[in-house]
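K.L.:
Take a look at the following structure, please.
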Amino acid sequence: MGTDWRLESCCGTEEIVFCILFGSYAALNLLLWRTFIIKPMKLIAVFAHEMSHATACWLTGGTVKKIEVYTNEGGVTQYTGGMRCIIIPAGYVGGAFYGGLFVALSGDRIASTVSACVLVVALLGSLCYSPNKIVVALSLGFVSLTVLFLFLDWFVFNPLIQYLTLYYGVFIGFFSVYDIYDDLITRTAEGSDAVACHELIPCCIPRCVGVQFIIVALAFQGLGVYFALLMMTSNDN
């Protein structure tokens, strides 16, 4: 049987659990947003933002010197070379993309395992770029957590790694929307990517770009849900 692009065979038990978890994770994030409990998740979302800058830098021929994350939920990626017009907006767009990608890959056990391994490699790799103490703590903490879930999933009980991957995706995507709204629409934060982008390309008015970025971020989450359900229905068939 071919791929069920219209999701006509959706939704079985697995797909229903996925949708319930997606909604529950989003609600939980909203409920705990201003508490210290999810502070580590906010910082890992900032890490995804900074890693997006770094990835854009590498892809455009630049060199990354330093990756830092701060407790005030900010971060810095120092680099030389590359294409600034791509690197600067890559933080917002890339963070949203990674959020949607994690959501999509949570629809399959192998895909979730691969995404978790890539995250582990990225966290460990960041330690080679003059990290501050926060990045070191984040890397060691989330590597340990992710590896633990990988071990439990493959040797004790599954689908734990899919649930963890889904939560990573929902939170990073949720944070990206909030970050764009806070930095580009409600205000213009001095020293932010929005200001740097405006200085580089004057016609890029932060609020207008912010609306476009939020639409893109929400679209990534929507596509993530669609492709996750697509993988689940394909596996069922």
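Every chain in the structure tokens takes a letter, A first, then B, and so on in the order presented; its residues are numbered from 1, and the ligands are numbered from 1 following the presented order.
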List every residue of range 72-170 of chain A that has an atom at most 10 Å from any atom of range 174-178 of chain A, giving for each one its closest atom pair and the distance in Å to one decimal, counting only C-alpha atoms, sorted by chain and then by ascending residue number, as a tab-separated table.
P.N.:
```
residue	atom	partner	partner_atom	distance
A:Gly91	CA	A:Ser176	CA	9.0
A:Tyr92	CA	A:Ser176	CA	6.4
A:Val93	CA	A:Ser176	CA	8.1
A:Gly94	CA	A:Ser176	CA	9.0
A:Gly95	CA	A:Ser176	CA	5.9
A:Ala96	CA	A:Ser176	CA	5.4
A:Phe97	CA	A:Ser176	CA	9.2
A:Tyr98	CA	A:Ser176	CA	9.7
A:Gly99	CA	A:Phe174	CA	7.9
A:Gly100	CA	A:Phe174	CA	9.8
A:Tyr168	CA	A:Phe174	CA	9.8
A:Gly169	CA	A:Phe174	CA	8.3
A:Val170	CA	A:Phe174	CA	5.9
```
K.L.:
Among range 40-224 of chain A, which ones does DSSP place in helix (DSSP H, G or I), written as JSON, numbers by chain?
P.N.:
{"A": [40, 41, 42, 43, 44, 45, 46, 47, 48, 49, 50, 51, 52, 53, 54, 55, 56, 57, 58, 59, 84, 85, 86, 87, 88, 89, 90, 91, 92, 93, 94, 95, 96, 97, 98, 99, 100, 101, 102, 103, 104, 105, 109, 110, 111, 112, 113, 114, 115, 116, 117, 118, 119, 120, 121, 122, 123, 124, 125, 126, 133, 134, 135, 136, 137, 138, 139, 140, 141, 142, 143, 144, 145, 146, 147, 148, 149, 150, 151, 152, 153, 154, 155, 160, 161, 162, 163, 164, 165, 166, 167, 168, 169, 170, 171, 172, 173, 174, 175, 176, 177, 178, 179, 180, 181, 182, 183, 184, 185, 193, 194, 195, 196, 197, 198, 199, 200, 206, 207, 208, 209, 210, 211, 212, 213, 214, 215, 216, 217, 218, 219, 220, 221, 222, 223, 224]}
K.L.:
What is the CA of Leu223 in chain A-CA of Phe149 in chain A distance in Å, reported with one decimal?
P.N.:
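Interatomic distance here is 25.2 Å.
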K.L.:
Identify which of the residues A:Thr80, A:Ile134, A:Phe142, A:Val147 lies closest to Val114 in chain A, counting only C-alpha atoms when measuring atom-to-atom distances.
P.N.:
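Nearest to Val114 in chain A: A:Val147.
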K.L.:
Considering only C-alpha atoms, can you say which of A:Asn29, A:Ser139, A:Thr3, A:Ser9 comes closest to Val69 in chain A?
P.N.:
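For Val69 in chain A, the nearest of the candidates is A:Ser139.
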K.L.:
What's the 12 Å shell around Asn235 in chain A, counting only C-alpha atoms, without same-chain residues fewer than 3 positions away, as a list in words?
P.N.:
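Contacts, in chain order: Met1, Gly2, Thr3, Asp4, Ser9, Cys10, Gly12, Glu14, Glu15, Gly107, Asp108, Arg109, Ile110, Ala228, Leu229, Leu230, Met231 and Met232 of chain A.
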K.L.:
What does the file look like for those residues with N, CA, C and O atoms, as a PDB file, in the first residue's frame?
P.N.:
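For reference, result_33.pdb as written:
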```
ATOM      1  N   MET A   1       0.847  -1.197   0.000  1.00  0.00           N
ATOM      2  CA  MET A   1       0.000   0.000   0.000  1.00  0.00           C
ATOM      3  C   MET A   1       0.876   1.237   0.000  1.00  0.00           C
ATOM      4  O   MET A   1       1.895   1.281   0.692  1.00  0.00           O
ATOM      5  N   GLY A   2       0.494   2.284  -0.753  1.00  0.00           N
ATOM      6  CA  GLY A   2       1.262   3.513  -0.836  1.00  0.00           C
ATOM      7  C   GLY A   2       1.099   4.370   0.409  1.00  0.00           C
ATOM      8  O   GLY A   2       0.350   4.047   1.329  1.00  0.00           O
ATOM      9  N   THR A   3       1.811   5.489   0.405  1.00  0.00           N
ATOM     10  CA  THR A   3       1.739   6.412   1.531  1.00  0.00           C
ATOM     11  C   THR A   3       0.365   7.072   1.602  1.00  0.00           C
ATOM     12  O   THR A   3      -0.169   7.542   0.592  1.00  0.00           O
ATOM     13  N   ASP A   4      -0.198   7.110   2.792  1.00  0.00           N
ATOM     14  CA  ASP A   4      -1.531   7.670   3.011  1.00  0.00           C
ATOM     15  C   ASP A   4      -1.428   9.176   3.240  1.00  0.00           C
ATOM     16  O   ASP A   4      -1.565   9.669   4.358  1.00  0.00           O
ATOM     17  N   SER A   9      -6.538   6.776   6.912  1.00  0.00           N
ATOM     18  CA  SER A   9      -6.586   5.660   7.863  1.00  0.00           C
ATOM     19  C   SER A   9      -6.284   6.101   9.291  1.00  0.00           C
ATOM     20  O   SER A   9      -6.178   5.283  10.198  1.00  0.00           O
ATOM     21  N   CYS A  10      -6.127   7.408   9.492  1.00  0.00           N
ATOM     22  CA  CYS A  10      -5.909   7.958  10.834  1.00  0.00           C
ATOM     23  C   CYS A  10      -7.283   8.130  11.504  1.00  0.00           C
ATOM     24  O   CYS A  10      -8.252   8.530  10.828  1.00  0.00           O
ATOM     25  N   GLY A  12      -5.625   5.720  14.794  1.00  0.00           N
ATOM     26  CA  GLY A  12      -5.681   4.592  15.699  1.00  0.00           C
ATOM     27  C   GLY A  12      -5.229   5.011  17.088  1.00  0.00           C
ATOM     28  O   GLY A  12      -5.054   6.198  17.379  1.00  0.00           O
ATOM     29  N   GLU A  14      -2.330   4.742  18.611  1.00  0.00           N
ATOM     30  CA  GLU A  14      -1.037   5.434  18.652  1.00  0.00           C
ATOM     31  C   GLU A  14      -1.178   6.904  18.248  1.00  0.00           C
ATOM     32  O   GLU A  14      -0.609   7.798  18.889  1.00  0.00           O
ATOM     33  N   GLU A  15      -1.952   7.159  17.215  1.00  0.00           N
ATOM     34  CA  GLU A  15      -2.140   8.527  16.743  1.00  0.00           C
ATOM     35  C   GLU A  15      -2.924   9.362  17.757  1.00  0.00           C
ATOM     36  O   GLU A  15      -2.629  10.543  17.973  1.00  0.00           O
ATOM     37  N   GLY A 107       7.207  10.574  15.493  1.00  0.00           N
ATOM     38  CA  GLY A 107       6.210   9.636  14.994  1.00  0.00           C
ATOM     39  C   GLY A 107       6.742   8.249  14.700  1.00  0.00           C
ATOM     40  O   GLY A 107       5.973   7.343  14.372  1.00  0.00           O
ATOM     41  N   ASP A 108       8.044   8.053  14.828  1.00  0.00           N
ATOM     42  CA  ASP A 108       8.636   6.752  14.538  1.00  0.00           C
ATOM     43  C   ASP A 108       9.766   6.480  15.523  1.00  0.00           C
ATOM     44  O   ASP A 108      10.540   7.391  15.856  1.00  0.00           O
ATOM     45  N   ARG A 109       9.878   5.249  15.974  1.00  0.00           N
ATOM     46  CA  ARG A 109      10.882   4.916  16.987  1.00  0.00           C
ATOM     47  C   ARG A 109      12.304   5.090  16.471  1.00  0.00           C
ATOM     48  O   ARG A 109      13.166   5.659  17.161  1.00  0.00           O
ATOM     49  N   ILE A 110      12.586   4.612  15.270  1.00  0.00           N
ATOM     50  CA  ILE A 110      13.931   4.738  14.709  1.00  0.00           C
ATOM     51  C   ILE A 110      14.265   6.210  14.472  1.00  0.00           C
ATOM     52  O   ILE A 110      15.364   6.676  14.797  1.00  0.00           O
ATOM     53  N   ALA A 228       4.393  13.419  11.527  1.00  0.00           N
ATOM     54  CA  ALA A 228       4.403  12.404  12.580  1.00  0.00           C
ATOM     55  C   ALA A 228       3.227  11.454  12.404  1.00  0.00           C
ATOM     56  O   ALA A 228       3.378  10.224  12.471  1.00  0.00           O
ATOM     57  N   LEU A 229       2.035  12.010  12.165  1.00  0.00           N
ATOM     58  CA  LEU A 229       0.854  11.173  11.936  1.00  0.00           C
ATOM     59  C   LEU A 229       1.018  10.352  10.662  1.00  0.00           C
ATOM     60  O   LEU A 229       0.582   9.193  10.600  1.00  0.00           O
ATOM     61  N   LEU A 230       1.661  10.946   9.661  1.00  0.00           N
ATOM     62  CA  LEU A 230       1.890  10.229   8.402  1.00  0.00           C
ATOM     63  C   LEU A 230       2.767   8.999   8.620  1.00  0.00           C
ATOM     64  O   LEU A 230       2.489   7.910   8.100  1.00  0.00           O
ATOM     65  N   MET A 231       3.828   9.158   9.430  1.00  0.00           N
ATOM     66  CA  MET A 231       4.702   8.022   9.722  1.00  0.00           C
ATOM     67  C   MET A 231       3.975   6.948  10.518  1.00  0.00           C
ATOM     68  O   MET A 231       4.150   5.750  10.285  1.00  0.00           O
ATOM     69  N   MET A 232       3.139   7.390  11.447  1.00  0.00           N
ATOM     70  CA  MET A 232       2.408   6.418  12.261  1.00  0.00           C
ATOM     71  C   MET A 232       1.424   5.616  11.427  1.00  0.00           C
ATOM     72  O   MET A 232       1.337   4.381  11.557  1.00  0.00           O
TER      73      MET A 232
END
```
K.L.:
Using backbone DSSP assignments, extract all strand (DSSP E or B) residues from range 75-153 of chain A; output them as a list in words.
P.N.:
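Secondary structure check on range 75-153 of chain A, strand (DSSP E or B): Gly75, Val76, Thr77, Gln78, Tyr79 and Thr80 of chain A.
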K.L.:
Sorted by chain and rising residue number, list the residues of range 105-175 of chain A at most 10 Å from range 71-78 of chain A (counting only C-alpha atoms), each with its closest atom pair and distance in Å to one decimal, as a Markdown table.
P.N.:
```
| residue | atom | partner | partner_atom | distance |
| --- | --- | --- | --- | --- |
| A:Tyr129 | CA | A:Gln78 | CA | 9.4 |
| A:Ser130 | CA | A:Gln78 | CA | 9.9 |
| A:Pro131 | CA | A:Thr77 | CA | 9.9 |
| A:Ile134 | CA | A:Thr71 | CA | 7.4 |
| A:Val135 | CA | A:Gly75 | CA | 9.8 |
```
K.L.:
Taking only C-alpha atoms into account, name the residue in A:Leu124, A:Val209, A:Leu31, A:Leu200 that is nearest to Asp183 in chain A.
P.N.:
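With only C-alpha atoms as the atom set, the closest residue is A:Val209.
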K.L.:
Name all residues at most 7 Å from range 81-84 of chain A (count only C-alpha atoms; drop same-chain ones fewer than 6 positions away) and give them as a PyMOL selection string.
P.N.:
chain A and resi 57+60-63
K.L.:
If you measure from CA of Leu101 in chain A to CA of Ile44 in chain A, what distance in Å do you get, rounded to one decimal?
P.N.:
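One can read the CA of Leu101 in chain A to CA of Ile44 in chain A distance as 15.3 Å.
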K.L.:
CA of Ala48 in chain A and CA of Pro89 in chain A are how many Å apart?
P.N.:
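Separation of CA of Ala48 in chain A and CA of Pro89 in chain A: 13.2 Å.
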